[in-house]
file input_37.tsv (TSV, C-alpha atoms)
chain	number	residue	atom	x	y	z
A	9	MET	CA	96.43	177.41	85.90
A	10	THR	CA	96.90	173.66	85.84
A	11	ALA	CA	100.58	174.08	84.99
A	12	LEU	CA	101.04	176.38	88.00
A	13	LYS	CA	99.47	173.77	90.27
A	14	ILE	CA	101.69	170.98	88.93
A	15	ILE	CA	104.85	173.09	89.18
A	16	SER	CA	103.98	174.17	92.72
A	17	VAL	CA	103.45	170.59	93.88
A	18	ILE	CA	106.66	169.33	92.24
A	19	ALA	CA	108.76	172.19	93.64
A	20	GLY	CA	107.22	171.78	97.09
A	21	LEU	CA	107.94	168.05	97.08
A	22	ALA	CA	111.52	168.62	95.92
A	23	PHE	CA	112.26	171.20	98.63
A	24	THR	CA	110.58	169.07	101.30
A	25	LEU	CA	112.48	165.93	100.35
A	26	PHE	CA	115.85	167.66	100.12
A	27	GLY	CA	115.24	169.40	103.43
A	28	PHE	CA	114.18	166.12	105.04
A	29	PHE	CA	117.28	164.29	103.83
A	30	ILE	CA	119.62	167.10	104.89
A	31	PHE	CA	118.05	167.90	108.27
A	32	PHE	CA	116.82	164.53	109.52
A	33	LYS	CA	118.99	162.00	107.65
A	34	LYS	CA	122.17	164.16	107.78
A	35	LYS	CA	123.01	163.76	104.08
A	36	TYR	CA	125.09	166.91	103.93
A	37	SER	CA	126.54	165.95	100.54
A	38	LEU	CA	123.29	167.27	99.00
A	39	ILE	CA	124.54	170.80	99.72
A	40	ASN	CA	126.80	172.01	96.92
A	41	GLY	CA	130.42	172.28	98.02
A	42	PHE	CA	129.68	171.53	101.66
A	43	ASP	CA	132.05	168.58	102.01
A	44	GLU	CA	135.07	170.56	100.81
A	45	ALA	CA	134.17	173.63	102.86
A	46	PHE	CA	133.58	171.46	105.94
A	47	LYS	CA	137.01	169.85	105.59
A	48	LYS	CA	138.59	173.30	105.30
A	49	GLY	CA	136.70	174.51	108.37
A	50	LEU	CA	134.70	177.13	106.49
A	51	LYS	CA	131.27	175.58	107.17
A	52	THR	CA	129.94	173.81	110.23
A	53	GLU	CA	127.37	171.09	110.81
A	54	GLU	CA	125.07	173.73	112.30
A	55	TYR	CA	125.13	175.56	108.95
A	56	ALA	CA	124.04	172.37	107.17
A	57	ARG	CA	121.24	171.80	109.66
A	58	ARG	CA	119.98	175.37	109.15
A	59	VAL	CA	120.01	174.88	105.37
A	60	GLY	CA	118.09	171.62	105.73
A	61	LEU	CA	115.52	173.12	108.08
A	62	THR	CA	115.04	176.12	105.80
A	63	GLU	CA	114.51	173.93	102.75
A	64	PHE	CA	112.12	171.71	104.68
A	65	ALA	CA	110.07	174.70	105.87
A	66	VAL	CA	109.96	176.29	102.42
A	67	GLY	CA	108.89	172.97	100.92
A	68	LEU	CA	106.06	172.58	103.41
A	69	ALA	CA	104.92	176.16	102.73
A	70	MET	CA	104.96	175.53	98.97
A	71	LEU	CA	103.01	172.29	99.36
A	72	THR	CA	100.44	174.07	101.52
A	73	ALA	CA	100.10	176.86	98.96
A	74	ALA	CA	99.76	174.30	96.17
A	75	LEU	CA	97.06	172.50	98.15
A	76	PHE	CA	95.12	175.73	98.54
A	77	LEU	CA	95.53	176.40	94.80
A	78	ILE	CA	94.16	172.98	93.97
A	79	ILE	CA	91.21	173.25	96.34
A	80	PHE	CA	90.13	176.86	95.78
A	81	CYS	CA	91.07	177.54	92.15
call {"tool": "encode", "arguments": {"input": "input_37.tsv", "output": "structure tokens"}}
result
Amino acid sequence: MTALKIISVIAGLAFTLFGFFIFFKKKYSLINGFDEAFKKGLKTEEYARRVGLTEFAVGLAMLTAALFLIIFC
């Protein structure tokens, strides 16, 4: 059970940080292949912002779940 808690916290932090850097700091190079697709006109900045927001939200959800695991289990 301890391993599950540690993995949940690490994954939650990773998703939250990547989402934060993509959505708020506009580091779109963290998205695989985005720069090339953006230059070709296949992807837009709105796509990158959605990806960043999704990762940020999933990270916060995972951190919340990990917190509940730590407290109640």
call {"tool": "residues_around", "arguments": {"input": "input_37.tsv", "residues": "Ala73 (chain A)", "least_positions_apart": "5", "cutoff": "12 Å", "atoms": "all atoms listed in the file", "output": "PyMOL selection string"}}
result
chain A and resi 12-17+19-21+66-68+78-81
call {"tool": "closest_residue", "arguments": {"input": "input_37.tsv", "among": "A:Ala22, A:Ala45, A:Ile30, A:Ala11", "to": "Leu61 (chain A)", "atoms": "only C-alpha atoms"}}
result
A:Ile30
call {"tool": "closest_residue", "arguments": {"input": "input_37.tsv", "among": "A:Phe64, A:Gly49, A:Tyr55, A:Gly41", "to": "Gly27 (chain A)", "atoms": "only C-alpha atoms"}}
result
A:Phe64
call {"tool": "atom_distance", "arguments": {"input": "input_37.tsv", "atom1": "CA of Phe26 (chain A)", "atom2": "CA of Gly60 (chain A)"}}
result
7.2 Å
call {"tool": "atom_distance", "arguments": {"input": "input_37.tsv", "atom1": "CA of Met9 (chain A)", "atom2": "CA of Met70 (chain A)"}}
result
15.7 Å
call {"tool": "residues_around", "arguments": {"input": "input_37.tsv", "residues": "Val59 (chain A)", "least_positions_apart": "3", "cutoff": "12 Å", "atoms": "all atoms listed in the file", "output": "PyMOL selection string"}}
result
chain A and resi 23-24+26-32+34-36+38-40+42+51-56+62-66
call {"tool": "atom_distance", "arguments": {"input": "input_37.tsv", "atom1": "CA of Lys33 (chain A)", "atom2": "CA of Lys47 (chain A)"}}
result
19.8 Å
call {"tool": "decode", "arguments": {"input": "input_37.tsv", "residues": "region 41-76 of chain A", "atoms": "N, CA and C atoms", "output": "CSV table (one decimal), in the first residue's frame"}}
result
chain,number,residue,atom,x,y,z
A,41,GLY,N,6.1,16.6,-30.4
A,41,GLY,CA,5.8,16.9,-31.8
A,41,GLY,C,5.0,18.1,-32.0
A,42,PHE,N,4.7,18.9,-31.0
A,42,PHE,CA,3.9,20.1,-31.1
A,42,PHE,C,4.5,21.1,-32.0
A,43,ASP,N,5.8,21.4,-31.8
A,43,ASP,CA,6.5,22.5,-32.6
A,43,ASP,C,6.4,22.2,-34.1
A,44,GLU,N,6.7,21.0,-34.5
A,44,GLU,CA,6.6,20.7,-35.9
A,44,GLU,C,5.2,20.8,-36.5
A,45,ALA,N,4.3,20.3,-35.7
A,45,ALA,CA,2.9,20.3,-36.1
A,45,ALA,C,2.3,21.7,-36.2
A,46,PHE,N,2.8,22.6,-35.2
A,46,PHE,CA,2.4,24.0,-35.2
A,46,PHE,C,2.9,24.7,-36.4
A,47,LYS,N,4.1,24.4,-36.8
A,47,LYS,CA,4.7,25.1,-37.9
A,47,LYS,C,4.0,24.7,-39.2
A,48,LYS,N,3.5,23.4,-39.3
A,48,LYS,CA,2.8,23.0,-40.4
A,48,LYS,C,1.4,23.4,-40.4
A,49,GLY,N,0.9,23.9,-39.3
A,49,GLY,CA,-0.5,24.4,-39.3
A,49,GLY,C,-1.5,23.3,-38.8
A,50,LEU,N,-0.9,22.1,-38.4
A,50,LEU,CA,-1.8,21.0,-38.0
A,50,LEU,C,-2.4,21.2,-36.6
A,51,LYS,N,-1.6,21.9,-35.7
A,51,LYS,CA,-2.1,22.1,-34.3
A,51,LYS,C,-2.1,23.6,-34.0
A,52,THR,N,-2.9,24.0,-33.1
A,52,THR,CA,-3.1,25.4,-32.8
A,52,THR,C,-2.6,25.6,-31.3
A,53,GLU,N,-2.5,26.9,-30.9
A,53,GLU,CA,-2.1,27.2,-29.6
A,53,GLU,C,-3.3,26.8,-28.6
A,54,GLU,N,-4.5,26.8,-29.1
A,54,GLU,CA,-5.7,26.4,-28.3
A,54,GLU,C,-5.6,24.9,-27.9
A,55,TYR,N,-5.1,24.1,-28.9
A,55,TYR,CA,-4.9,22.7,-28.6
A,55,TYR,C,-3.9,22.5,-27.5
A,56,ALA,N,-2.8,23.3,-27.5
A,56,ALA,CA,-1.8,23.1,-26.5
A,56,ALA,C,-2.3,23.6,-25.1
A,57,ARG,N,-3.1,24.6,-25.1
A,57,ARG,CA,-3.7,25.1,-23.9
A,57,ARG,C,-4.7,24.0,-23.3
A,58,ARG,N,-5.4,23.4,-24.1
A,58,ARG,CA,-6.3,22.3,-23.7
A,58,ARG,C,-5.5,21.2,-23.1
A,59,VAL,N,-4.5,20.8,-23.8
A,59,VAL,CA,-3.6,19.7,-23.3
A,59,VAL,C,-3.0,20.1,-21.9
A,60,GLY,N,-2.6,21.3,-21.8
A,60,GLY,CA,-2.0,21.7,-20.5
A,60,GLY,C,-3.0,21.8,-19.4
A,61,LEU,N,-4.2,22.3,-19.7
A,61,LEU,CA,-5.3,22.3,-18.7
A,61,LEU,C,-5.7,20.9,-18.3
A,62,THR,N,-5.8,20.0,-19.2
A,62,THR,CA,-6.2,18.6,-18.9
A,62,THR,C,-5.2,18.0,-18.0
A,63,GLU,N,-3.9,18.1,-18.4
A,63,GLU,CA,-2.8,17.5,-17.5
A,63,GLU,C,-2.8,18.1,-16.1
A,64,PHE,N,-3.1,19.4,-16.0
A,64,PHE,CA,-3.1,20.1,-14.7
A,64,PHE,C,-4.3,19.6,-13.9
A,65,ALA,N,-5.4,19.4,-14.5
A,65,ALA,CA,-6.6,18.9,-13.8
A,65,ALA,C,-6.4,17.5,-13.4
A,66,VAL,N,-5.9,16.7,-14.2
A,66,VAL,CA,-5.6,15.3,-13.9
A,66,VAL,C,-4.6,15.2,-12.8
A,67,GLY,N,-3.6,16.0,-12.8
A,67,GLY,CA,-2.6,16.0,-11.7
A,67,GLY,C,-3.2,16.4,-10.4
A,68,LEU,N,-4.0,17.4,-10.4
A,68,LEU,CA,-4.7,17.8,-9.1
A,68,LEU,C,-5.6,16.7,-8.6
A,69,ALA,N,-6.3,16.0,-9.5
A,69,ALA,CA,-7.2,14.9,-9.1
A,69,ALA,C,-6.3,13.8,-8.5
A,70,MET,N,-5.2,13.5,-9.1
A,70,MET,CA,-4.4,12.4,-8.6
A,70,MET,C,-3.7,12.8,-7.3
A,71,LEU,N,-3.3,14.0,-7.1
A,71,LEU,CA,-2.8,14.5,-5.8
A,71,LEU,C,-3.8,14.4,-4.7
A,72,THR,N,-5.1,14.8,-5.1
A,72,THR,CA,-6.2,14.7,-4.1
A,72,THR,C,-6.4,13.3,-3.7
A,73,ALA,N,-6.5,12.4,-4.7
A,73,ALA,CA,-6.7,11.0,-4.4
A,73,ALA,C,-5.6,10.4,-3.5
A,74,ALA,N,-4.3,10.8,-3.8
A,74,ALA,CA,-3.2,10.3,-3.1
A,74,ALA,C,-3.3,10.9,-1.6
A,75,LEU,N,-3.7,12.1,-1.5
A,75,LEU,CA,-3.9,12.6,-0.1
A,75,LEU,C,-4.9,11.9,0.7
A,76,PHE,N,-6.0,11.5,0.0
A,76,PHE,CA,-7.0,10.7,0.7
A,76,PHE,C,-6.5,9.3,1.1
